[in-house]
>>> print(open('work_28.txt').read())   # compact mmCIF, C-alpha atoms and all ligand atoms
# COMPACT_ATOMS: atom_id res chain seq x y z
CA MET A 1 -1.04 2.55 42.71
CA ASN A 2 2.63 1.64 42.84
CA SER A 3 3.67 0.81 39.32
CA LYS A 4 4.25 3.23 36.49
CA ILE A 5 1.56 4.42 34.08
CA ALA A 6 1.75 4.69 30.29
CA LEU A 7 -0.89 6.42 28.18
CA ILE A 8 -0.92 5.15 24.59
CA THR A 9 -3.09 6.65 21.87
CA GLY A 10 -4.14 4.47 18.93
CA ALA A 11 -3.87 1.27 20.95
CA THR A 12 -6.28 -0.90 18.94
CA SER A 13 -3.91 -1.73 16.10
CA GLY A 14 -0.36 -1.79 14.79
CA ILE A 15 2.32 0.13 16.65
CA GLY A 16 0.06 1.30 19.48
CA LYS A 17 -1.21 -2.21 20.15
CA ALA A 18 2.36 -3.59 20.14
CA CYS A 19 3.34 -0.86 22.63
CA ALA A 20 0.41 -1.74 24.87
CA HIS A 21 1.63 -5.36 24.96
CA LEU A 22 5.22 -4.36 25.67
CA PHE A 23 4.43 -1.88 28.44
CA ALA A 24 2.00 -4.38 29.98
CA GLN A 25 4.75 -7.00 29.93
CA GLN A 26 6.97 -4.50 31.76
CA GLY A 27 4.34 -4.15 34.49
CA TYR A 28 2.99 -0.70 33.60
CA GLN A 29 -0.63 0.24 34.28
CA LEU A 30 -2.11 1.44 31.01
CA ILE A 31 -4.43 4.14 29.76
CA LEU A 32 -5.37 3.11 26.23
CA VAL A 33 -7.10 5.47 23.83
CA ALA A 34 -8.81 4.61 20.51
CA ARG A 35 -12.19 4.88 18.79
CA ARG A 36 -13.15 1.21 18.27
CA THR A 37 -14.97 0.28 21.46
CA GLN A 38 -15.14 -3.49 21.08
CA LEU A 39 -11.56 -3.93 19.97
CA LEU A 40 -10.28 -1.68 22.74
CA GLY A 41 -12.27 -3.68 25.29
CA GLU A 42 -10.97 -7.01 23.99
CA ILE A 43 -7.32 -5.88 23.97
CA SER A 44 -7.64 -4.38 27.45
CA ARG A 45 -9.23 -7.50 28.96
CA HIS A 46 -6.61 -9.73 27.34
CA LEU A 47 -3.72 -7.66 28.72
CA GLU A 48 -5.26 -7.33 32.17
CA ASP A 49 -5.69 -11.10 32.41
CA LYS A 50 -2.31 -11.97 30.95
CA TYR A 51 -0.16 -9.50 32.88
CA ALA A 52 -2.27 -8.83 36.01
CA ILE A 53 -2.23 -5.07 35.43
CA ASP A 54 -4.94 -2.40 35.57
CA ILE A 55 -6.11 -0.70 32.40
CA GLN A 56 -8.30 2.31 31.71
CA PRO A 57 -9.68 1.77 28.19
CA LEU A 58 -10.83 5.17 26.94
CA VAL A 59 -13.00 5.29 23.83
CA ALA A 60 -12.17 8.69 22.41
CA ASP A 61 -11.45 10.41 19.13
CA VAL A 62 -8.32 12.54 19.53
CA ARG A 63 -9.80 15.03 17.03
CA ASN A 64 -12.70 15.82 19.33
CA LYS A 65 -11.20 18.31 21.79
CA GLU A 66 -14.24 18.55 24.09
CA GLN A 67 -14.89 14.79 24.27
CA LEU A 68 -11.19 13.99 24.68
CA THR A 69 -10.72 16.57 27.44
CA ALA A 70 -13.80 15.41 29.35
CA ILE A 71 -12.74 11.76 29.14
CA LEU A 72 -9.11 12.31 30.11
CA GLU A 73 -9.87 14.81 32.86
CA GLY A 74 -12.55 12.42 34.15
CA LEU A 75 -9.92 9.84 35.10
CA PRO A 76 -9.44 9.23 38.83
CA THR A 77 -6.61 11.40 40.25
CA GLU A 78 -4.28 8.45 40.85
CA TRP A 79 -4.34 7.73 37.10
CA LYS A 80 -3.15 11.24 36.26
CA LYS A 81 0.42 10.53 37.29
CA VAL A 82 1.42 9.45 33.79
CA ASP A 83 5.06 8.43 33.40
CA VAL A 84 5.04 7.80 29.64
CA LEU A 85 2.81 9.26 26.93
CA VAL A 86 3.01 7.58 23.51
CA ASN A 87 1.49 9.95 20.94
CA ASN A 88 0.84 7.27 18.33
CA ALA A 89 -2.73 7.71 17.00
CA GLY A 90 -2.39 8.74 13.40
CA LEU A 91 -3.25 7.89 9.85
CA SER A 92 -2.99 8.64 6.19
CA GLN A 93 -6.04 8.93 3.96
CA GLY A 94 -5.58 8.92 0.20
CA LEU A 95 -2.44 9.13 -1.96
CA ASP A 96 -3.17 11.70 -4.66
CA PRO A 97 -1.38 14.67 -6.20
CA ILE A 98 -2.07 18.00 -4.54
CA ASP A 99 -4.43 19.15 -7.31
CA LYS A 100 -6.56 16.02 -6.98
CA GLY A 101 -6.54 15.38 -3.22
CA ASP A 102 -9.78 15.12 -1.26
CA THR A 103 -9.97 18.07 1.14
CA ASP A 104 -11.94 15.96 3.64
CA ASP A 105 -8.99 13.53 3.74
CA TRP A 106 -6.67 16.48 4.38
CA ASP A 107 -8.83 17.61 7.30
CA VAL A 108 -8.82 14.14 8.84
CA MET A 109 -5.02 13.84 8.62
CA ILE A 110 -4.30 17.32 9.96
CA ASP A 111 -6.92 17.02 12.71
CA THR A 112 -5.66 13.61 13.85
CA ASN A 113 -1.90 13.68 13.33
CA VAL A 114 -1.29 17.28 14.38
CA LYS A 115 -4.20 18.74 16.33
CA GLY A 116 -5.12 15.49 18.12
CA LEU A 117 -1.51 14.98 19.18
CA LEU A 118 -1.43 18.56 20.49
CA TYR A 119 -4.66 18.19 22.50
CA VAL A 120 -3.44 15.02 24.21
CA THR A 121 -0.01 16.53 24.86
CA LYS A 122 -1.39 19.68 26.46
CA ILE A 123 -3.50 17.71 28.94
CA VAL A 124 -0.91 15.08 29.82
CA SER A 125 2.08 17.44 30.03
CA ASN A 126 0.12 19.45 32.60
CA TRP A 127 -0.27 16.26 34.62
CA MET A 128 3.48 15.59 34.39
CA ILE A 129 4.69 19.08 35.32
CA PRO A 130 3.91 18.97 39.08
CA TYR A 131 5.92 15.73 39.37
CA LYS A 132 8.89 17.16 37.44
CA SER A 133 9.13 13.92 35.48
CA GLY A 134 7.67 12.13 32.49
CA HIS A 135 8.55 11.03 28.99
CA ILE A 136 6.64 11.90 25.81
CA ILE A 137 7.19 9.71 22.77
CA ASN A 138 5.97 11.16 19.47
CA ILE A 139 5.51 8.78 16.56
CA GLY A 140 6.69 10.63 13.47
CA SER A 141 7.66 8.95 10.21
CA ILE A 142 10.17 8.85 7.38
CA ALA A 143 7.40 11.04 5.88
CA GLY A 144 8.44 13.67 8.44
CA LYS A 145 11.98 13.65 7.09
CA GLU A 146 11.31 13.41 3.34
CA VAL A 147 8.43 14.04 0.97
CA TYR A 148 7.37 11.56 -1.69
CA PRO A 149 5.03 11.75 -4.67
CA ASN A 150 1.40 12.17 -3.61
CA GLY A 151 2.36 12.10 0.07
CA ASN A 152 1.91 15.91 0.30
CA VAL A 153 -0.46 16.42 3.24
CA TYR A 154 0.46 13.27 5.16
CA CYS A 155 4.13 14.27 4.83
CA ALA A 156 3.27 17.78 6.02
CA THR A 157 1.57 16.41 9.14
CA LYS A 158 4.60 14.28 9.97
CA HIS A 159 6.97 17.21 9.35
CA ALA A 160 4.77 19.06 11.84
CA VAL A 161 5.19 16.22 14.35
CA ASP A 162 8.97 16.48 13.86
CA ALA A 163 8.85 20.22 14.60
CA LEU A 164 6.49 19.80 17.55
CA ASN A 165 8.75 17.13 18.97
CA LYS A 166 11.62 19.63 19.00
CA GLY A 167 9.41 22.42 20.33
CA MET A 168 8.05 20.28 23.15
CA ARG A 169 11.55 19.29 24.19
CA VAL A 170 12.54 22.93 24.53
CA ASP A 171 9.39 24.01 26.36
CA LEU A 172 9.27 21.04 28.73
CA LEU A 173 12.98 21.02 29.55
CA PRO A 174 12.54 23.20 32.68
CA HIS A 175 10.01 20.63 33.90
CA HIS A 176 12.39 17.67 33.49
CA ILE A 177 10.12 15.99 30.95
CA LYS A 178 11.91 13.96 28.29
CA VAL A 179 10.72 14.15 24.67
CA THR A 180 11.59 11.62 21.98
CA ALA A 181 10.53 11.12 18.37
CA ILE A 182 10.50 7.69 16.78
CA HIS A 183 10.31 7.89 12.98
CA PRO A 184 9.52 4.57 11.28
CA GLY A 185 9.85 3.65 7.64
CA MET A 186 7.40 1.09 6.28
CA VAL A 187 5.70 -1.00 8.98
CA GLU A 188 3.06 -3.54 8.00
CA THR A 189 0.00 -2.63 10.08
CA GLU A 190 -3.49 -1.44 9.18
CA PHE A 191 -1.87 1.81 7.98
CA SER A 192 -2.13 1.09 4.23
CA ILE A 193 -5.60 -0.43 4.54
CA VAL A 194 -6.71 2.87 6.10
CA ARG A 195 -4.77 4.92 3.51
CA PHE A 196 -6.48 3.03 0.69
CA LYS A 197 -9.86 3.08 2.44
CA GLY A 198 -10.29 -0.65 2.90
CA ASP A 199 -8.68 -1.85 -0.35
CA GLU A 200 -6.79 -4.77 1.21
CA GLU A 201 -5.27 -5.94 -2.08
CA ARG A 202 -3.72 -2.54 -2.80
CA ALA A 203 -2.53 -2.33 0.81
CA LYS A 204 -0.85 -5.76 0.61
CA ASN A 205 1.02 -4.69 -2.53
CA VAL A 206 2.83 -1.94 -0.62
CA TYR A 207 4.78 -4.58 1.33
CA LYS A 208 5.25 -7.13 -1.48
CA GLY A 209 8.76 -8.31 -2.40
CA PHE A 210 10.63 -7.10 0.69
CA GLU A 211 10.49 -7.51 4.45
CA PRO A 212 8.79 -4.50 6.08
CA LEU A 213 9.17 -3.57 9.74
CA LEU A 214 6.84 -5.16 12.28
CA ALA A 215 4.93 -3.10 14.83
CA GLN A 216 6.96 -4.94 17.46
CA ASP A 217 10.20 -3.50 16.02
CA ILE A 218 8.91 0.01 16.73
CA ALA A 219 7.63 -0.93 20.19
CA ASP A 220 11.12 -2.28 20.96
CA ALA A 221 12.68 1.04 19.89
CA ILE A 222 10.21 2.96 22.05
CA TRP A 223 11.07 0.76 24.99
CA PHE A 224 14.79 1.34 24.36
CA ALA A 225 14.20 5.11 24.59
CA VAL A 226 12.01 4.82 27.68
CA SER A 227 14.38 2.50 29.52
CA ARG A 228 17.53 4.68 29.23
CA PRO A 229 19.01 5.97 32.49
CA ALA A 230 17.53 9.20 33.89
CA HIS A 231 20.38 11.37 32.54
CA VAL A 232 19.98 10.12 28.92
CA ASN A 233 17.41 11.25 26.35
CA ILE A 234 17.01 9.81 22.87
CA ASN A 235 15.96 12.89 20.87
CA ASP A 236 15.19 11.28 17.56
CA MET A 237 15.33 7.82 16.03
CA LEU A 238 14.77 6.95 12.34
CA ILE A 239 14.14 3.24 11.85
CA MET A 240 13.83 1.67 8.41
CA PRO A 241 13.40 -1.83 7.04
CA ALA A 242 16.85 -3.04 5.93
CA ALA A 243 15.41 -3.19 2.40
CA GLN A 244 14.28 0.48 2.42
CA ALA A 245 16.92 3.18 1.86
CA THR A 246 14.65 6.25 1.54
CA ALA A 247 10.91 6.90 1.48
CA THR A 248 10.82 5.85 -2.17
CA ILE A 249 13.78 3.49 -2.69
CA THR A 250 13.08 -0.07 -1.66
CA GLN A 251 15.03 -3.12 -2.77
CA LYS A 252 12.58 -5.77 -3.97
CA ASP A 253 14.22 -9.07 -4.87
P1 LIG D 1 -2.79 1.47 12.35
O1 LIG D 1 -3.81 1.92 11.36
O2 LIG D 1 -2.52 0.01 12.44
O3 LIG D 1 -3.12 2.05 13.79
C1 LIG D 1 -3.54 3.37 13.97
C2 LIG D 1 -4.16 3.52 15.35
O4 LIG D 1 -4.56 4.88 15.53
C3 LIG D 1 -5.38 2.66 15.55
O5 LIG D 1 -5.33 2.10 16.83
C4 LIG D 1 -6.54 3.64 15.45
O6 LIG D 1 -7.57 3.19 16.31
C5 LIG D 1 -5.90 4.91 16.02
N1 LIG D 1 -6.55 6.14 15.59
C6 LIG D 1 -6.67 6.62 14.31
N2 LIG D 1 -7.38 7.75 14.31
C7 LIG D 1 -7.71 8.00 15.62
C8 LIG D 1 -8.45 9.03 16.26
N3 LIG D 1 -9.00 10.03 15.56
N4 LIG D 1 -8.60 8.99 17.60
C9 LIG D 1 -8.06 7.97 18.31
N5 LIG D 1 -7.35 6.97 17.76
C10 LIG D 1 -7.18 6.99 16.42
O7 LIG D 1 -1.45 2.24 11.94
P2 LIG D 1 0.03 2.23 12.54
O8 LIG D 1 0.13 1.44 13.76
O9 LIG D 1 0.94 1.93 11.42
O10 LIG D 1 0.16 3.78 12.85
C11 LIG D 1 0.51 4.29 14.12
C12 LIG D 1 1.31 5.56 13.92
O11 LIG D 1 2.52 5.26 13.22
C13 LIG D 1 0.62 6.63 13.08
O12 LIG D 1 0.88 7.89 13.67
C14 LIG D 1 1.31 6.53 11.72
O13 LIG D 1 1.28 7.73 11.02
C15 LIG D 1 2.72 6.16 12.16
N6 LIG D 1 3.57 5.54 11.16
C16 LIG D 1 3.21 4.37 10.53
C17 LIG D 1 4.03 3.78 9.61
C18 LIG D 1 3.67 2.55 8.85
O14 LIG D 1 4.33 2.26 7.83
N7 LIG D 1 2.70 1.76 9.30
C19 LIG D 1 5.35 4.38 9.30
C20 LIG D 1 5.61 5.61 9.97
C21 LIG D 1 4.77 6.14 10.89
P3 LIG D 1 -9.15 3.36 16.07
O15 LIG D 1 -9.40 3.18 14.59
O16 LIG D 1 -9.74 2.29 16.94
O17 LIG D 1 -9.44 4.73 16.57
C1 LIG D 2 4.10 5.85 6.98
C2 LIG D 2 5.17 5.34 6.09
O1 LIG D 2 6.24 5.50 3.82
O2 LIG D 2 3.84 5.55 3.89
O3 LIG D 2 4.47 6.98 7.68
O4 LIG D 2 5.12 7.45 4.61
S1 LIG D 2 5.08 6.00 4.55
>>> encode(input="work_28.txt", output="structure tokens", more="lines below")
Ligand code: NDP
Ligand code: 8X3
Amino acid sequence: MNSKIALITGATSGIGKACAHLFAQQGYQLILVARRTQLLGEISRHLEDKYAIDIQPLVADVRNKEQLTAILEGLPTEWKKVDVLVNNAGLSQGLDPIDKGDTDDWDVMIDTNVKGLLYVTKIVSNWMIPYKSGHIINIGSIAGKEVYPNGNVYCATKHAVDALNKGMRVDLLPHHIKVTAIHPGMVETEFSIVRFKGDEERAKNVYKGFEPLLAQDIADAIWFAVSRPAHVNINDMLIMPAAQATATITQKD
């Protein structure tokens, strides 16, 4: 295979799906990871047809270390020369004070946003090291820079992503692997529908009265980081809707 390869986790929706479109448009071959089989198949077929690229759609749960490892390591050798890893799969479940939070929700967030990201990174960084090249993009959040009421565990997972992003950059420096964090403010995706467990009305309200970011805005920022010259690394980028000053201050008029 001649063209570059990007591996994107959480490619069935929102930011990950927008990234899949953008990298496909740029001629990358794609490895797309998500849990929803049908959706992943539909997106992959659409992109393959539209951009004449090859895609490996991998149905995997990043929380499941054994399944994830078997599926990734089962890829043909030529697919293991990954140029760009976008660690995007992530979610929030619930928005409750610490004394009332559901511990199962906490497990899901920690297992997905922190441990899942680590499992994928360990495998893919080991593929990158022999080539002395590669770029890892970690999707953090404004929730990794601030904490807000009831955000407790989600914020903690994104603070962990912020720390891991810095740690990875240090550890992978001798291997010439770039590491970048992209931290979005509010982006209208399925994020709030997942946070509020399918309550679409409540999810819609989050973005009422101001213009949130689009998934495409974040994909554009990722592409900016990836397309810098070889000697440039974007360490960290915090991107907010113009109407959002901090995690909790949004101008609605
Ligand atoms: P979406 O809910 O629209 O997309 C999340 C994606 O992650 C889906 O493709 C989902 O696919 C996948 N995913 C979730 N859990 C798993 C899992 N266990 N294994 C594999 N894939 C999984 O949300 P966003 O696009 O908004 O979120 C993407 C990232 O951006 C997340 O890390 C989120 O924390 C972060 N973010 C979002 C912001 C926002 O306001 N929307 C702001 C800041 C950061 P499937 O269900 O098919 O597995
Ligand atoms: C998602 C954005 O504001 O809900 O990371 O934390 S927010």
>>> closest_residue(input="work_28.txt", among="A:Asn87, A:Asn150, A:Thr112, A:Ser192", to="Asn205 (chain A)", atoms="only C-alpha atoms")
A:Ser192
>>> residues_near_ligand(input="work_28.txt", ligand="ligand LIG 1 (chain D)", cutoff="8 Å", atoms="all atoms listed in the file", output="VMD selection string")
chain A and resid 9 to 17 33 to 37 39 to 40 59 to 64 87 to 92 108 111 to 113 116 139 to 143 158 183 to 194 213 215
>>> closest_residue(input="work_28.txt", among="A:Ala181, A:Leu95, A:Ile129, A:Val232", to="ligand LIG 2 (chain D)", atoms="all atoms listed in the file")
A:Leu95
>>> closest_residue(input="work_28.txt", among="A:Lys132, A:Lys145, A:Lys80, A:His231", to="ligand LIG 2 (chain D)", atoms="only C-alpha atoms and all ligand atoms")
A:Lys145
>>> residues_around(input="work_28.txt", residues="Thr69 (chain A)", least_positions_apart="2", cutoff="10 Å", atoms="all atoms listed in the file", output="JSON, numbers by chain")
{"A": [60, 62, 64, 65, 66, 67, 71, 72, 73, 74, 119, 120, 122, 123]}
>>> residues_around(input="work_28.txt", residues="Phe224 (chain A)", least_positions_apart="3", cutoff="12 Å", atoms="all atoms listed in the file", output="mmCIF file with C-alpha atoms, in the frame of the given file")
data_model
loop_
_atom_site.group_PDB
_atom_site.id
_atom_site.type_symbol
_atom_site.label_atom_id
_atom_site.label_comp_id
_atom_site.auth_asym_id
_atom_site.auth_seq_id
_atom_site.Cartn_x
_atom_site.Cartn_y
_atom_site.Cartn_z
ATOM 1 C CA CYS A 19 3.340 -0.860 22.630
ATOM 2 C CA LEU A 22 5.220 -4.360 25.670
ATOM 3 C CA PHE A 23 4.430 -1.880 28.440
ATOM 4 C CA ILE A 137 7.190 9.710 22.770
ATOM 5 C CA THR A 180 11.590 11.620 21.980
ATOM 6 C CA ILE A 182 10.500 7.690 16.780
ATOM 7 C CA ASP A 217 10.200 -3.500 16.020
ATOM 8 C CA ILE A 218 8.910 0.010 16.730
ATOM 9 C CA ALA A 219 7.630 -0.930 20.190
ATOM 10 C CA ASP A 220 11.120 -2.280 20.960
ATOM 11 C CA ALA A 221 12.680 1.040 19.890
ATOM 12 C CA SER A 227 14.380 2.500 29.520
ATOM 13 C CA ARG A 228 17.530 4.680 29.230
ATOM 14 C CA PRO A 229 19.010 5.970 32.490
ATOM 15 C CA VAL A 232 19.980 10.120 28.920
ATOM 16 C CA ASN A 233 17.410 11.250 26.350
ATOM 17 C CA ILE A 234 17.010 9.810 22.870
ATOM 18 C CA MET A 237 15.330 7.820 16.030
#
>>> atom_distance(input="work_28.txt", atom1="CA of Glu78 (chain A)", atom2="CA of Leu164 (chain A)")
28.1 Å
>>> closest_residue(input="work_28.txt", among="A:Asp236, A:Gly209, A:Asp83, A:Pro149", to="Gln251 (chain A)", atoms="only C-alpha atoms")
A:Gly209
>>> atom_distance(input="work_28.txt", atom1="CA of Trp79 (chain A)", atom2="CA of Lys178 (chain A)")
19.5 Å
>>> closest_residue(input="work_28.txt", among="A:Tyr28, A:Tyr148, A:Tyr51, A:Trp127", to="Thr77 (chain A)", atoms="only C-alpha atoms")
A:Trp127
>>> residues_around(input="work_28.txt", residues="Thr121 (chain A)", least_positions_apart="4", cutoff="9 Å", atoms="all atoms listed in the file", output="list in words")
Leu85, Asn87, Gly116, Leu117, Ser125, Asn126 and Ile136 of chain A
>>> decode(input="work_28.txt", residues="region 105-141 of chain A", atoms="N, CA and C atoms", output="compact mmCIF listing (two decimals), in the first residue's frame")
# COMPACT_ATOMS: atom_id res chain seq x y z
N ASP A 105 -21.63 4.13 35.93
CA ASP A 105 -21.29 5.19 34.96
C ASP A 105 -19.81 5.57 35.10
N TRP A 106 -19.36 5.66 36.34
CA TRP A 106 -17.94 6.02 36.56
C TRP A 106 -17.03 4.99 35.91
N ASP A 107 -17.36 3.71 36.10
CA ASP A 107 -16.53 2.65 35.51
C ASP A 107 -16.47 2.79 33.99
N VAL A 108 -17.66 3.04 33.39
CA VAL A 108 -17.69 3.13 31.92
C VAL A 108 -16.80 4.27 31.44
N MET A 109 -16.90 5.42 32.11
CA MET A 109 -16.11 6.59 31.66
C MET A 109 -14.62 6.35 31.84
N ILE A 110 -14.24 5.83 33.00
CA ILE A 110 -12.81 5.60 33.25
C ILE A 110 -12.28 4.51 32.31
N ASP A 111 -13.06 3.45 32.15
CA ASP A 111 -12.61 2.33 31.30
C ASP A 111 -12.48 2.75 29.83
N THR A 112 -13.39 3.62 29.38
CA THR A 112 -13.35 4.03 27.96
C THR A 112 -12.33 5.14 27.75
N ASN A 113 -12.50 6.24 28.49
CA ASN A 113 -11.74 7.46 28.19
C ASN A 113 -10.28 7.36 28.57
N VAL A 114 -9.99 6.56 29.59
CA VAL A 114 -8.60 6.46 30.06
C VAL A 114 -7.99 5.11 29.68
N LYS A 115 -8.61 4.02 30.16
CA LYS A 115 -7.97 2.72 29.95
C LYS A 115 -8.04 2.31 28.47
N GLY A 116 -9.17 2.57 27.82
CA GLY A 116 -9.31 2.22 26.40
C GLY A 116 -8.28 2.97 25.56
N LEU A 117 -8.14 4.25 25.85
CA LEU A 117 -7.16 5.08 25.13
C LEU A 117 -5.74 4.52 25.33
N LEU A 118 -5.46 4.07 26.55
CA LEU A 118 -4.13 3.51 26.84
C LEU A 118 -3.90 2.21 26.07
N TYR A 119 -4.92 1.34 26.05
CA TYR A 119 -4.74 0.04 25.37
C TYR A 119 -4.42 0.26 23.88
N VAL A 120 -5.21 1.15 23.26
CA VAL A 120 -5.00 1.40 21.82
C VAL A 120 -3.61 2.00 21.61
N THR A 121 -3.25 2.95 22.48
CA THR A 121 -1.96 3.64 22.31
C THR A 121 -0.78 2.68 22.45
N LYS A 122 -0.88 1.77 23.41
CA LYS A 122 0.25 0.84 23.59
C LYS A 122 0.47 0.01 22.33
N ILE A 123 -0.62 -0.52 21.77
CA ILE A 123 -0.49 -1.36 20.58
C ILE A 123 0.05 -0.55 19.41
N VAL A 124 -0.58 0.60 19.15
CA VAL A 124 -0.24 1.34 17.92
C VAL A 124 1.12 2.02 18.04
N SER A 125 1.50 2.48 19.23
CA SER A 125 2.82 3.11 19.35
C SER A 125 3.92 2.07 19.08
N ASN A 126 3.65 0.83 19.47
CA ASN A 126 4.64 -0.23 19.17
C ASN A 126 4.75 -0.51 17.68
N TRP A 127 3.66 -0.25 16.95
CA TRP A 127 3.75 -0.38 15.48
C TRP A 127 4.55 0.79 14.89
N MET A 128 4.42 1.96 15.52
CA MET A 128 5.07 3.16 14.96
C MET A 128 6.58 3.16 15.21
N ILE A 129 6.98 2.64 16.37
CA ILE A 129 8.38 2.76 16.82
C ILE A 129 9.40 2.25 15.78
N PRO A 130 9.22 1.09 15.17
CA PRO A 130 10.24 0.63 14.21
C PRO A 130 10.42 1.58 13.03
N TYR A 131 9.37 2.33 12.70
CA TYR A 131 9.44 3.25 11.55
C TYR A 131 9.99 4.63 11.95
N LYS A 132 10.15 4.83 13.26
CA LYS A 132 10.62 6.14 13.76
C LYS A 132 9.77 7.29 13.21
N SER A 133 8.48 7.07 13.16
CA SER A 133 7.56 8.13 12.71
C SER A 133 6.15 7.80 13.17
N GLY A 134 5.29 8.80 13.11
CA GLY A 134 3.90 8.61 13.52
C GLY A 134 3.42 9.83 14.28
N HIS A 135 2.10 9.94 14.37
CA HIS A 135 1.52 11.10 15.05
C HIS A 135 0.29 10.60 15.83
N ILE A 136 0.28 10.84 17.12
CA ILE A 136 -0.87 10.45 17.95
C ILE A 136 -1.63 11.70 18.33
N ILE A 137 -2.93 11.69 18.03
CA ILE A 137 -3.80 12.81 18.39
C ILE A 137 -4.73 12.32 19.50
N ASN A 138 -4.67 12.96 20.64
CA ASN A 138 -5.56 12.61 21.76
C ASN A 138 -6.67 13.63 21.87
N ILE A 139 -7.91 13.16 21.88
CA ILE A 139 -9.03 14.10 22.03
C ILE A 139 -9.32 14.25 23.52
N GLY A 140 -8.95 15.42 24.02
CA GLY A 140 -9.21 15.78 25.42
C GLY A 140 -10.53 16.52 25.50
N SER A 141 -10.53 17.63 26.22
CA SER A 141 -11.75 18.42 26.37
C SER A 141 -11.45 19.66 27.21
